[in-house]
$ cat query.txt   # compact mmCIF, C-alpha atoms and all ligand atoms
# COMPACT_ATOMS: atom_id res chain seq x y z
CA MET Y 1 -21.57 32.04 -73.52
CA ASN Y 2 -19.21 34.07 -75.62
CA MET Y 3 -15.56 33.22 -74.97
CA GLN Y 4 -14.23 34.86 -78.12
CA ASP Y 5 -10.51 35.72 -77.83
CA LYS Y 6 -10.19 33.94 -74.47
CA VAL Y 7 -7.57 31.27 -73.90
CA ALA Y 8 -8.15 28.22 -71.69
CA VAL Y 9 -5.65 25.65 -70.45
CA VAL Y 10 -7.34 22.31 -69.71
CA THR Y 11 -5.46 19.36 -68.19
CA GLY Y 12 -6.48 15.74 -68.66
CA ALA Y 13 -7.94 16.99 -71.91
CA ALA Y 14 -7.62 13.85 -74.02
CA ALA Y 15 -10.15 11.59 -72.26
CA MET Y 16 -13.94 11.79 -72.48
CA LEU Y 17 -14.69 14.30 -69.73
CA GLY Y 18 -11.68 16.53 -70.42
CA SER Y 19 -12.35 16.56 -74.14
CA ALA Y 20 -15.98 17.58 -73.45
CA ILE Y 21 -14.62 20.60 -71.57
CA VAL Y 22 -12.28 21.41 -74.46
CA ARG Y 23 -15.16 21.12 -76.97
CA ALA Y 24 -17.38 23.40 -74.88
CA PHE Y 25 -14.71 26.11 -74.73
CA VAL Y 26 -14.06 25.81 -78.48
CA GLN Y 27 -17.79 25.97 -79.25
CA ALA Y 28 -17.99 29.14 -77.15
CA GLY Y 29 -15.27 30.70 -79.30
CA ALA Y 30 -12.26 30.26 -77.01
CA ARG Y 31 -8.87 28.91 -77.94
CA VAL Y 32 -7.79 25.91 -75.87
CA ILE Y 33 -4.47 24.41 -74.92
CA ALA Y 34 -5.37 20.78 -74.34
CA VAL Y 35 -2.86 19.25 -71.93
CA ASP Y 36 -2.39 15.49 -71.54
CA ILE Y 37 0.21 12.72 -71.48
CA ASP Y 38 -1.89 10.65 -73.88
CA LEU Y 39 -0.34 11.64 -77.22
CA PRO Y 40 -2.55 9.70 -79.66
CA ARG Y 41 -5.83 10.87 -78.14
CA GLY Y 42 -4.59 14.43 -77.61
CA GLN Y 43 -3.41 14.71 -81.19
CA ALA Y 44 -6.67 13.23 -82.50
CA LEU Y 45 -8.68 15.77 -80.50
CA ALA Y 46 -6.62 18.68 -81.82
CA ALA Y 47 -6.90 17.38 -85.38
CA GLU Y 48 -10.69 17.12 -84.99
CA LEU Y 49 -11.17 20.58 -83.48
CA GLY Y 50 -8.80 22.50 -85.74
CA ALA Y 51 -7.11 25.83 -85.14
CA ARG Y 52 -8.87 26.68 -81.88
CA CYS Y 53 -7.41 23.65 -80.09
CA ARG Y 54 -3.70 23.04 -79.64
CA PHE Y 55 -2.57 19.81 -78.00
CA ALA Y 56 0.30 20.13 -75.52
CA ALA Y 57 1.89 16.82 -74.59
CA CYS Y 58 2.85 17.38 -70.97
CA ASP Y 59 3.28 15.37 -67.79
CA ILE Y 60 1.79 17.70 -65.19
CA ALA Y 61 3.85 15.98 -62.47
CA SER Y 62 6.99 17.59 -63.92
CA ASP Y 63 7.74 21.20 -62.96
CA ASP Y 64 10.00 21.61 -65.99
CA ALA Y 65 7.18 20.44 -68.24
CA LEU Y 66 4.76 22.87 -66.57
CA ASP Y 67 7.22 25.76 -66.96
CA ALA Y 68 7.61 24.92 -70.66
CA LEU Y 69 3.82 24.60 -71.05
CA VAL Y 70 3.10 28.03 -69.57
CA ALA Y 71 5.95 29.71 -71.47
CA GLU Y 72 4.77 28.18 -74.75
CA ALA Y 73 1.14 29.14 -74.07
CA LEU Y 74 2.11 32.76 -73.46
CA ARG Y 75 4.43 32.79 -76.48
CA THR Y 76 1.82 31.40 -78.89
CA GLU Y 77 -1.41 32.82 -77.43
CA GLY Y 78 -0.16 35.88 -75.56
CA ARG Y 79 -2.51 35.30 -72.64
CA ILE Y 80 -4.17 32.73 -70.37
CA ASP Y 81 -7.70 33.47 -69.17
CA PHE Y 82 -8.76 30.16 -67.66
CA LEU Y 83 -7.18 27.10 -66.09
CA VAL Y 84 -9.12 23.87 -65.63
CA ASN Y 85 -7.34 21.33 -63.42
CA ASN Y 86 -9.03 18.12 -64.57
CA ALA Y 87 -6.27 15.48 -64.97
CA VAL Y 88 -6.43 12.47 -62.69
CA VAL Y 89 -5.08 9.02 -61.96
CA TYR Y 90 -7.53 6.59 -60.39
CA GLY Y 91 -5.14 3.92 -59.03
CA ASP Y 92 -5.96 3.48 -55.36
CA GLY Y 93 -4.57 0.73 -53.14
CA GLY Y 94 -6.65 1.93 -50.18
CA LEU Y 95 -5.41 0.69 -46.81
CA ASP Y 96 -2.58 -1.25 -48.44
CA ALA Y 97 -1.16 1.60 -50.51
CA ALA Y 98 2.57 2.11 -50.00
CA ARG Y 99 4.00 5.58 -49.31
CA GLY Y 100 5.25 5.81 -52.89
CA GLU Y 101 1.76 5.11 -54.23
CA TRP Y 102 0.29 7.77 -51.95
CA LEU Y 103 2.80 10.36 -53.06
CA ALA Y 104 2.44 9.49 -56.74
CA ALA Y 105 -1.36 9.76 -56.59
CA LEU Y 106 -1.37 13.00 -54.62
CA ASN Y 107 1.30 14.36 -56.93
CA VAL Y 108 -0.92 14.09 -60.02
CA ASN Y 109 -4.33 14.55 -58.39
CA LEU Y 110 -3.57 17.43 -56.04
CA VAL Y 111 -0.08 18.90 -56.11
CA SER Y 112 0.34 19.24 -59.89
CA GLY Y 113 -2.80 21.34 -60.18
CA ALA Y 114 -1.56 23.52 -57.33
CA MET Y 115 1.77 23.99 -59.12
CA LEU Y 116 -0.04 24.94 -62.31
CA VAL Y 117 -2.06 27.53 -60.39
CA GLN Y 118 1.19 28.94 -59.02
CA LYS Y 119 2.76 29.07 -62.50
CA THR Y 120 -0.27 30.65 -64.23
CA ALA Y 121 -1.30 33.05 -61.45
CA ASP Y 122 0.36 36.14 -62.96
CA ALA Y 123 -1.04 35.46 -66.42
CA LEU Y 124 -4.53 34.80 -65.00
CA ALA Y 125 -4.37 37.94 -62.86
CA ALA Y 126 -3.48 39.97 -65.96
CA GLN Y 127 -6.80 38.88 -67.52
CA ARG Y 128 -8.81 38.80 -64.24
CA GLY Y 129 -9.39 35.19 -65.23
CA GLY Y 130 -10.64 32.06 -63.57
CA ILE Y 131 -9.64 28.62 -62.31
CA VAL Y 132 -11.85 25.55 -62.04
CA ASN Y 133 -10.58 22.58 -60.05
CA MET Y 134 -12.23 19.20 -60.56
CA GLY Y 135 -13.66 17.71 -57.39
CA SER Y 136 -15.85 14.62 -57.11
CA VAL Y 137 -18.60 13.08 -55.04
CA GLY Y 138 -15.76 10.70 -54.17
CA GLY Y 139 -14.22 13.46 -52.04
CA LYS Y 140 -17.37 13.99 -49.99
CA PHE Y 141 -18.42 10.57 -48.66
CA GLY Y 142 -16.84 7.50 -47.14
CA ALA Y 143 -16.11 4.57 -49.45
CA ALA Y 144 -14.67 1.21 -48.43
CA GLY Y 145 -11.38 0.24 -50.02
CA ARG Y 146 -10.36 3.66 -51.30
CA ALA Y 147 -8.10 6.28 -49.77
CA LEU Y 148 -5.80 8.06 -52.25
CA TYR Y 149 -8.34 9.38 -54.73
CA PRO Y 150 -10.96 10.57 -52.21
CA ALA Y 151 -8.31 12.19 -50.02
CA ALA Y 152 -7.04 14.17 -53.00
CA LYS Y 153 -10.54 15.16 -54.07
CA ALA Y 154 -11.50 16.29 -50.56
CA ALA Y 155 -8.28 18.31 -50.38
CA ILE Y 156 -9.10 19.96 -53.71
CA LEU Y 157 -12.32 21.39 -52.27
CA GLN Y 158 -10.39 23.00 -49.40
CA LEU Y 159 -7.49 24.08 -51.62
CA THR Y 160 -10.01 25.78 -53.91
CA ARG Y 161 -11.21 27.96 -51.03
CA ASN Y 162 -7.62 28.85 -50.06
CA GLN Y 163 -6.65 29.65 -53.64
CA ALA Y 164 -9.83 31.70 -54.03
CA ALA Y 165 -9.06 33.73 -50.91
CA THR Y 166 -5.43 34.21 -51.97
CA LEU Y 167 -6.20 35.28 -55.53
CA ALA Y 168 -9.38 37.30 -54.97
CA PRO Y 169 -7.46 40.58 -54.47
CA ARG Y 170 -5.94 40.02 -57.92
CA GLY Y 171 -9.34 39.46 -59.53
CA VAL Y 172 -8.87 35.74 -60.17
CA ARG Y 173 -11.87 33.58 -59.26
CA VAL Y 174 -11.29 29.97 -58.17
CA ASN Y 175 -14.12 27.44 -57.96
CA SER Y 176 -14.57 23.69 -58.14
CA VAL Y 177 -17.12 21.38 -59.72
CA SER Y 178 -17.89 17.98 -58.24
CA PRO Y 179 -19.32 15.50 -60.72
CA GLY Y 180 -21.25 12.38 -59.80
CA TRP Y 181 -20.81 9.25 -61.90
CA THR Y 182 -20.01 10.55 -65.35
CA TRP Y 183 -19.93 8.61 -68.61
CA SER Y 184 -16.20 8.20 -69.05
CA ASP Y 185 -13.61 5.60 -69.93
CA ALA Y 186 -13.74 4.14 -66.42
CA LEU Y 187 -17.54 3.98 -66.21
CA SER Y 188 -17.82 2.65 -69.75
CA ARG Y 189 -15.37 -0.12 -68.84
CA MET Y 190 -17.41 -1.06 -65.76
CA ALA Y 191 -20.66 -1.11 -67.76
CA GLY Y 192 -19.12 -3.03 -70.66
CA GLY Y 193 -19.80 -0.02 -72.91
CA ASP Y 194 -23.55 -0.21 -72.17
CA ARG Y 195 -24.73 3.33 -71.38
CA ALA Y 196 -28.28 2.20 -70.61
CA LEU Y 197 -26.89 -0.21 -68.00
CA ALA Y 198 -24.83 2.59 -66.44
CA ASP Y 199 -27.96 4.75 -66.24
CA ARG Y 200 -29.95 1.93 -64.65
CA VAL Y 201 -27.27 1.11 -62.08
CA GLY Y 202 -26.64 4.80 -61.39
CA THR Y 203 -30.27 5.86 -60.99
CA PRO Y 204 -30.68 5.07 -57.25
CA MET Y 205 -27.70 7.36 -56.52
CA HIS Y 206 -28.63 10.07 -59.03
CA PRO Y 207 -32.24 11.25 -58.53
CA LEU Y 208 -32.33 12.83 -61.98
CA GLY Y 209 -32.39 9.28 -63.28
CA ARG Y 210 -29.15 8.79 -65.18
CA VAL Y 211 -25.39 9.16 -64.92
CA GLY Y 212 -23.80 12.40 -66.07
CA ASP Y 213 -22.32 13.27 -69.43
CA GLY Y 214 -19.04 15.07 -69.92
CA ASP Y 215 -20.96 17.98 -71.39
CA ASP Y 216 -23.09 18.29 -68.23
CA VAL Y 217 -19.86 19.01 -66.37
CA ALA Y 218 -18.37 21.10 -69.18
CA GLN Y 219 -21.31 23.51 -69.25
CA VAL Y 220 -20.89 24.27 -65.55
CA VAL Y 221 -17.13 24.72 -65.96
CA LEU Y 222 -17.89 27.20 -68.73
CA PHE Y 223 -20.46 29.00 -66.59
CA LEU Y 224 -17.95 29.36 -63.75
CA CYS Y 225 -15.38 30.81 -66.15
CA SER Y 226 -17.90 33.13 -67.78
CA ASP Y 227 -18.87 36.64 -66.83
CA ALA Y 228 -22.22 35.27 -65.65
CA ALA Y 229 -20.33 33.94 -62.60
CA ARG Y 230 -18.35 37.15 -62.09
CA PHE Y 231 -19.25 37.35 -58.36
CA VAL Y 232 -18.72 33.64 -57.62
CA THR Y 233 -15.50 32.45 -56.02
CA GLY Y 234 -14.47 29.75 -53.55
CA ALA Y 235 -17.59 27.76 -54.41
CA ASP Y 236 -18.12 24.11 -55.22
CA ILE Y 237 -20.91 23.26 -57.64
CA PRO Y 238 -22.09 19.65 -57.59
CA VAL Y 239 -22.86 18.37 -61.10
CA ASP Y 240 -24.19 15.08 -59.87
CA GLY Y 241 -27.89 14.79 -60.68
CA GLY Y 242 -28.71 15.13 -56.99
CA TYR Y 243 -26.28 12.47 -55.68
CA SER Y 244 -24.88 14.70 -52.91
CA MET Y 245 -28.26 15.95 -51.67
CA LEU Y 246 -29.13 12.42 -50.59
CA GLY Y 247 -28.21 10.76 -47.33
CA PRO Y 248 -27.60 7.04 -46.94
CA ASP Y 249 -31.39 6.52 -47.06
CA GLN Y 250 -31.29 7.60 -50.72
CA GLY Y 251 -34.05 10.10 -50.05
CA ARG Y 252 -36.54 7.56 -48.69
CA SER Y 253 -37.84 7.83 -45.15
CA ALA Y 254 -37.63 4.90 -42.74
CA GLY Y 255 -41.23 4.13 -43.67
CA GLY Y 256 -40.22 3.91 -47.30
CA TRP Y 257 -37.56 1.33 -46.49
CA PHE Y 258 -39.92 -0.80 -44.40
CA ALA Y 259 -42.68 -0.55 -46.98
CA PRO Y 260 -41.03 -0.02 -50.37
CA GLN Y 261 -44.37 0.50 -52.11
CA ASP Y 262 -44.69 3.53 -49.81
CA ALA Y 263 -41.41 5.09 -50.89
CA GLY Y 264 -42.72 8.61 -50.45
CA GLY Y 265 -43.99 7.99 -46.93
N1 LIG W 301 -15.66 9.90 -64.55
C1 LIG W 301 -16.35 10.12 -63.44
O1 LIG W 301 -17.35 9.45 -63.14
C2 LIG W 301 -15.92 11.22 -62.51
C3 LIG W 301 -16.68 11.45 -61.35
C4 LIG W 301 -16.30 12.48 -60.50
C5 LIG W 301 -15.20 13.25 -60.80
N2 LIG W 301 -14.46 13.00 -61.91
C6 LIG W 301 -13.30 13.84 -62.16
O2 LIG W 301 -13.30 14.28 -63.51
C7 LIG W 301 -11.95 14.41 -63.96
C8 LIG W 301 -11.75 13.60 -65.22
O3 LIG W 301 -12.01 12.24 -64.91
P1 LIG W 301 -12.10 11.13 -66.04
O4 LIG W 301 -13.02 10.10 -65.56
O5 LIG W 301 -12.28 11.76 -67.37
O6 LIG W 301 -10.61 10.52 -65.95
P2 LIG W 301 -9.78 9.74 -67.07
O7 LIG W 301 -8.83 8.82 -66.37
O8 LIG W 301 -10.69 9.15 -68.09
O9 LIG W 301 -8.96 10.91 -67.75
C9 LIG W 301 -7.91 11.55 -67.06
C10 LIG W 301 -6.96 12.15 -68.06
O10 LIG W 301 -5.86 12.70 -67.32
C11 LIG W 301 -4.67 12.38 -68.03
N3 LIG W 301 -3.51 12.36 -67.14
C12 LIG W 301 -3.26 11.46 -66.16
N4 LIG W 301 -2.07 11.73 -65.60
C13 LIG W 301 -1.56 12.82 -66.22
C14 LIG W 301 -0.35 13.55 -66.09
N5 LIG W 301 0.60 13.19 -65.21
N6 LIG W 301 -0.15 14.61 -66.92
C15 LIG W 301 -1.10 14.96 -67.83
N7 LIG W 301 -2.26 14.31 -67.99
C16 LIG W 301 -2.48 13.23 -67.20
C17 LIG W 301 -4.94 11.00 -68.64
O11 LIG W 301 -4.07 10.71 -69.71
C18 LIG W 301 -6.39 11.13 -69.05
O12 LIG W 301 -6.52 11.62 -70.37
C19 LIG W 301 -11.07 13.94 -62.80
O13 LIG W 301 -10.59 15.04 -62.09
C20 LIG W 301 -12.01 13.10 -61.96
O14 LIG W 301 -11.63 13.07 -60.61
C21 LIG W 301 -14.81 12.01 -62.77
$ encode --input "query.txt" --output "C-alpha cells"
Amino acid sequence: MNMQDKVAVVTGAAAMLGSAIVRAFVQAGARVIAVDIDLPRGQALAAELGARCRFAACDIASDDALDALVAEALRTEGRIDFLVNNAVVYGDGGLDAARGEWLAALNVNLVSGAMLVQKTADALAAQRGGIVNMGSVGGKFGAAGRALYPAAKAAILQLTRNQAATLAPRGVRVNSVSPGWTWSDALSRMAGGDRALADRVGTPMHPLGRVGDGDDVAQVVLFLCSDAARFVTGADIPVDGGYSMLGPDQGRSAGGWFAPQDAGG
C-alpha cells in the first residue's frame, strides 16, 4: 500500500499495538504524528523511526491539548489524511466502579476520540481521508467483572456508524477494527512475557491457533485507510483469528462436548 505524502495521526501510539500501526504507516511511506502521554516510549519510537514519525506528547482527555495537537499537525505537515483512535485505559472496577471512574474511563476510551474526530473533520474532509476507531471483542460479548471498558468499546462500534453517516457526504470514511487478544503490554504481563503460553491459552478462543500481533491489526487499519477500501465506510472488521465467529460452544457441537474425541461431530 502506497501512502506516500499522506499524514496519519495515531493515538496511543507509544505502546505495542499503537506503535505497530505507526510502523505500518511509516513503512507504507506516510508521515505519522504519534500521539501519547507516555513520553519516554513515544520519544524512543520517534527516534527509532526517524523523520517520518513525529512524537506529540498529548493527553487526549484535554481539549486544549487536542486543539494544540491539530494546529501543530497542520502547521508542520499541512494536512491530515488519516486519524486512528487507538488510545485506551484498561482500569475497570466493574459493578463497584464509582461515577468518577466511569466518567474518567469513558472520557479517554470514547469521548476523547470523538472530540478528535470533531477537531480533525475539516482537515480530513479536505483530503477525503479516513478514520479508524479501535473496537475490541470486549465490546461484543458479556464478561463478568467488567463494565467500563466493554461499554466504551461497544459504544465505539455504534459511534463509528454515526460518524460514517455524518461524514460520508464530505468524502470521509469511518470504520472500526475489533482485535481479539493481541500481544501487548497487558497480555505479556498476564503471560509472564511467554508468547508461546499466550498462544496456547488463547487458542481455544482464536481458531487460527494463536493470539494476534500488533501488525495483524495494523495491516487492516492500513487497508481501511487505503484506496483499496475506497467504498468501505461504517464497517467493523474483526481482526481476531475467528474469535467472534464462535458461540459459547467454541465451534463444537453438543456431540463434541459430550464426546470430546468427536469434536467435529
Ligand atoms: N491488547 C489487546 O489484546 C487488545 C484487544 C482488543 C482491542 N484492543 C484495543 O487496541 C488498542 C490498544 O490497546 P493496547 O493493548 O495497545 O493498550 P495499551 O494500554 O498497551 O496502550 C494504550 C496506549 O494509550 C496511551 N494513553 C492512555 N491514555 C492516554 C491519554 N489520556 N492520552 C494519550 N494517550 C493515552 C497509553 O500511554 C498507551 O501507550 C485499544 O483501543 C484497545 O482497546 C487491544
$ residues_near_point --input "query.txt" --point "(-18.9, 29.6, -66.4)" --cutoff "10 Å" --atoms "only C-alpha atoms" --output "JSON, numbers by chain"
{"Y": [1, 3, 25, 130, 132, 175, 218, 219, 220, 221, 222, 223, 224, 225, 226, 227, 228, 229, 230, 232]}
$ closest_residue --input "query.txt" --among "Y:Glu72, Y:Asp38, Y:Asp194, Y:Asp213" --to "ligand LIG 301 (chain W)" --atoms "all atoms listed in the file"
Y:Asp38
$ residues_near_ligand --input "query.txt" --ligand "ligand LIG 301 (chain W)" --cutoff "7 Å" --atoms "all atoms listed in the file" --output "ChimeraX atom specification"
/Y:11-18,35-38,58-61,86-90,108,134-138,153,178-187
$ atom_distance --input "query.txt" --atom1 "CA of Thr76 in chain Y" --atom2 "CA of Ser112 in chain Y"
22.6 Å
$ residues_near_point --input "query.txt" --point "(-9.4, 33.7, -66.6)" --cutoff "8 Å" --atoms "all atoms listed in the file" --output "VMD selection string"
chain Y and resid 6 to 8 80 to 83 124 to 125 127 to 131 172 to 173 225
$ atom_distance --input "query.txt" --atom1 "CA of Tyr243 in chain Y" --atom2 "CA of Pro207 in chain Y"
6.7 Å
$ residues_around --input "query.txt" --residues "Ala105 in chain Y" --least-positions-apart "5" --cutoff "10 Å" --atoms "only C-alpha atoms" --output "PyMOL selection string"
chain Y and resi 88-92+99-100+110-111+148-149+151-152
$ closest_atom_pairs --input "query.txt" --of "range 116-231 of chain Y" --to "range 63-71 of chain Y" --cutoff "12 Å" --atoms "all atoms listed in the file" --output "Markdown table"
| residue | atom | partner | partner_atom | distance |
| --- | --- | --- | --- | --- |
| Y:Leu116 | CA | Y:Leu66 | CA | 6.7 |
| Y:Val117 | CA | Y:Leu66 | CA | 10.3 |
| Y:Gln118 | CA | Y:Leu66 | CA | 10.3 |
| Y:Lys119 | CA | Y:Asp67 | CA | 7.1 |
| Y:Thr120 | CA | Y:Val70 | CA | 6.8 |
| Y:Ala121 | CA | Y:Val70 | CA | 10.5 |
| Y:Asp122 | CA | Y:Val70 | CA | 10.8 |
| Y:Ala123 | CA | Y:Val70 | CA | 9.1 |
| Y:Leu124 | CA | Y:Val70 | CA | 11.2 |
$ axis_aligned_box --input "query.txt" --around "range 83-91 of chain Y" --padding-each-side "5 Å" --output "JSON"
{"center_x": -7.1, "center_y": 15.5, "center_z": -62.6, "size_x": 14.0, "size_y": 33.2, "size_z": 17.1}
$ closest_residue --input "query.txt" --among "Y:Val10, Y:Val84, Y:Leu95, Y:Ala259" --to "Cys53 in chain Y" --atoms "all atoms listed in the file"
Y:Val10
$ closest_residue --input "query.txt" --among "Y:Ala191, Y:Pro204, Y:Gly214, Y:Gly142" --to "Asp249 in chain Y" --atoms "only C-alpha atoms"
Y:Pro204
$ closest_residue --input "query.txt" --among "Y:Gly94, Y:Gly171, Y:Pro260, Y:Gly193" --to "Ala144 in chain Y" --atoms "only C-alpha atoms"
Y:Gly94
$ atom_distance --input "query.txt" --atom1 "CA of Ala28 in chain Y" --atom2 "CA of Arg210 in chain Y"
26.1 Å
$ closest_residue --input "query.txt" --among "Y:Arg31, Y:Arg52, Y:Arg195, Y:Arg79" --to "Gly212 in chain Y" --atoms "all atoms listed in the file"
Y:Arg195
